[in-house]
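Enquirer: Following this line is input.cif, made up of mmCIF, C-alpha atoms, pLDDT in the B column; chains and numbers go by the auth columns:
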```
data_final
loop_
_atom_site.group_PDB
_atom_site.id
_atom_site.type_symbol
_atom_site.label_atom_id
_atom_site.label_comp_id
_atom_site.label_asym_id
_atom_site.label_seq_id
_atom_site.Cartn_x
_atom_site.Cartn_y
_atom_site.Cartn_z
_atom_site.B_iso_or_equiv
_atom_site.auth_seq_id
_atom_site.auth_asym_id
ATOM 1 C CA MET A 1 99.116 130.529 69.735 82.00 17 A
ATOM 2 C CA GLY A 2 96.985 127.396 69.698 82.00 18 A
ATOM 3 C CA VAL A 3 93.800 129.440 70.108 86.00 19 A
ATOM 4 C CA PHE A 4 94.669 131.518 67.043 88.00 20 A
ATOM 5 C CA VAL A 5 95.501 128.421 64.994 89.00 21 A
ATOM 6 C CA LEU A 6 92.238 126.736 65.933 86.00 22 A
ATOM 7 C CA GLY A 7 90.280 129.908 65.180 87.00 23 A
ATOM 8 C CA PHE A 8 91.996 130.156 61.794 91.00 24 A
ATOM 9 C CA LEU A 9 91.217 126.536 60.954 91.00 25 A
ATOM 10 C CA ALA A 10 87.579 126.923 61.978 89.00 26 A
ATOM 11 C CA ALA A 11 87.198 130.081 59.885 89.00 27 A
ATOM 12 C CA SER A 12 88.939 128.422 56.937 92.00 28 A
ATOM 13 C CA TYR A 13 86.537 125.489 57.033 88.00 29 A
ATOM 14 C CA GLU A 14 83.531 127.803 57.132 85.00 30 A
ATOM 15 C CA ILE A 15 84.904 129.756 54.153 88.00 31 A
ATOM 16 C CA ILE A 16 85.462 126.538 52.188 88.00 32 A
ATOM 17 C CA GLU A 17 81.905 125.517 53.053 84.00 33 A
ATOM 18 C CA MET A 18 80.612 128.883 51.788 83.00 34 A
ATOM 19 C CA VAL A 19 82.614 128.669 48.543 87.00 35 A
ATOM 20 C CA TYR A 20 81.240 125.190 47.892 85.00 36 A
ATOM 21 C CA ALA A 21 77.680 126.403 48.410 81.00 37 A
ATOM 22 C CA ILE A 22 78.243 129.351 46.062 84.00 38 A
ATOM 23 C CA THR A 23 79.871 127.285 43.306 88.00 39 A
ATOM 24 C CA GLU A 24 77.193 124.581 43.455 83.00 40 A
ATOM 25 C CA GLY A 25 74.462 127.203 43.671 79.00 41 A
ATOM 26 C CA GLY A 26 70.770 126.580 43.422 76.00 42 A
ATOM 27 C CA GLU A 27 69.087 124.014 45.573 80.00 43 A
ATOM 28 C CA SER A 28 72.222 121.918 46.005 78.00 44 A
ATOM 29 C CA GLY A 29 74.140 124.767 47.655 75.00 45 A
ATOM 30 C CA ALA A 30 71.150 125.787 49.769 74.00 46 A
ATOM 31 C CA ALA A 31 70.602 122.198 50.861 75.00 47 A
ATOM 32 C CA PHE A 32 74.250 121.902 51.864 73.00 48 A
ATOM 33 C CA LEU A 33 74.177 125.060 53.985 71.00 49 A
ATOM 34 C CA GLY A 34 70.585 124.627 55.120 65.00 50 A
ATOM 35 C CA SER A 35 71.217 121.246 56.686 63.00 51 A
ATOM 36 C CA GLN A 36 71.537 122.909 60.096 66.00 52 A
ATOM 37 C CA GLY A 37 68.685 125.354 59.540 69.00 53 A
ATOM 38 C CA ASP A 38 70.491 128.156 61.363 76.00 54 A
ATOM 39 C CA ILE A 39 71.797 131.286 59.639 76.00 55 A
ATOM 40 C CA TRP A 40 74.312 131.879 62.452 83.00 56 A
ATOM 41 C CA ASP A 41 75.707 128.349 62.328 81.00 57 A
ATOM 42 C CA ALA A 42 79.143 129.359 60.995 82.00 58 A
ATOM 43 C CA GLN A 43 79.602 132.048 63.643 87.00 59 A
ATOM 44 C CA LYS A 44 78.471 129.722 66.439 88.00 60 A
ATOM 45 C CA ASP A 45 80.837 126.995 65.233 86.00 61 A
ATOM 46 C CA MET A 46 83.813 129.365 65.193 88.00 62 A
ATOM 47 C CA LEU A 47 82.903 130.801 68.615 92.00 63 A
ATOM 48 C CA LEU A 48 82.617 127.372 70.206 91.00 64 A
ATOM 49 C CA ASP A 49 85.913 126.253 68.621 90.00 65 A
ATOM 50 C CA ILE A 50 87.719 129.272 70.077 91.00 66 A
ATOM 51 C CA LEU A 51 86.044 128.951 73.496 94.00 67 A
ATOM 52 C CA GLY A 52 86.935 125.262 73.601 92.00 68 A
ATOM 53 C CA ALA A 53 90.567 126.051 72.825 91.00 69 A
ATOM 54 C CA CYS A 54 90.641 128.724 75.553 92.00 70 A
ATOM 55 C CA ILE A 55 89.132 126.379 78.137 94.00 71 A
ATOM 56 C CA PHE A 56 91.512 123.569 77.200 92.00 72 A
ATOM 57 C CA GLY A 57 94.465 125.977 77.349 90.00 73 A
ATOM 58 C CA LEU A 58 93.485 127.106 80.852 91.00 74 A
ATOM 59 C CA LEU A 59 93.035 123.522 82.033 92.00 75 A
ATOM 60 C CA ALA A 60 96.419 122.572 80.583 90.00 76 A
ATOM 61 C CA LEU A 61 98.018 125.574 82.302 88.00 77 A
ATOM 62 C CA PHE A 62 96.558 124.668 85.693 88.00 78 A
ATOM 63 C CA ASN A 63 97.522 121.018 85.236 88.00 79 A
ATOM 64 C CA GLN A 64 101.098 122.024 84.368 86.00 80 A
ATOM 65 C CA ARG A 65 101.349 124.145 87.527 78.00 81 A
ATOM 66 C CA ASN A 66 100.069 121.267 89.672 74.00 82 A
ATOM 67 C CA TRP A 67 102.456 118.848 88.001 74.00 83 A
ATOM 68 C CA ARG A 68 105.452 121.102 88.692 70.00 84 A
ATOM 69 C CA GLU A 69 104.541 121.404 92.381 70.00 85 A
ATOM 70 C CA ARG A 70 104.238 117.627 92.821 69.00 86 A
ATOM 71 C CA TYR A 71 107.459 116.630 91.055 65.00 87 A
#
```
Since I need it in another form, could you write the structure as structure tokens?
Expert:
Amino acid sequence: MGVFVLGFLAASYEIIEMVYAITEGGESGAAFLGSQGDIWDAQKDMLLDILGACIFGLLALFNQRNWRERY
């Protein structure tokens, strides 16, 4: 569930960022989005957020199993 929540939050932020750039328009909106200089920045951000949540979830799962065996 945590992976889905984090993915939703990451996508929501990217959508808010896009709406801001559209409403500001012109050079201000382009400067805001162009600060990274990568057209795939939003997709990369969301992918890395989801991968990070998956990796953390797996590490937490393995740590929980080890903790149960010790105590």
Enquirer: What is the atom CA of Leu49 of chain A-atom CA of Ile31 of chain A distance in Å, reported with one decimal?
Expert: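 Interatomic distance here is 11.7 Å.
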Enquirer: Find the axis-aligned box for segment 79-84 of chain A, covering all its listed atoms and adding 3 Å on each side, and write its centre and edge lengths in Å to one decimal as lines of an AutoDock Vina configuration file.
Expert:
```
center_x = 101.5
center_y = 121.5
center_z = 87.0
size_x = 13.9
size_y = 11.3
size_z = 11.3
```
Enquirer: Counting all atoms listed in the file, which residue out of A:Arg84, A:Gly68, A:Phe48, A:Gly23 sits closest to Val35 of chain A?
Expert: A:Phe48
Enquirer: Between atom CA of Gly41 of chain A and atom CA of Ile55 of chain A, what is the distance, to one decimal in Å?
Expert: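 These atoms are spaced 16.7 Å apart.
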Enquirer: Calculated over only C-alpha atoms, which of the candidates A:Trp83, A:Lys60, A:Ala69, A:Phe78 has the smallest distance to Val19 of chain A?
Expert: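 Nearest candidate to Val19 of chain A out of A:Trp83, A:Lys60, A:Ala69, A:Phe78: A:Ala69.
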Enquirer: Taking only C-alpha atoms into account, which of A:Met62, A:Leu67, A:Leu77, A:Ala37 comes nearest Leu25 of chain A?
Expert: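 The answer is A:Met62, which sits nearest to Leu25 of chain A.
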Enquirer: Considering all atoms listed in the file, state which residue in the set A:Ile32, A:Ala27, A:Leu74, A:Met17 is at the smallest distance from Gln59 of chain A.
Expert: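 For Gln59 of chain A, the nearest of the given residues is A:Ala27.
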Enquirer: Could you work out how far atom CA of Glu43 of chain A lies from atom CA of Glu30 of chain A, giving the answer in Å with one decimal?
Expert: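 Separation between atom CA of Glu30 of chain A and atom CA of Glu43 of chain A: 18.9 Å.
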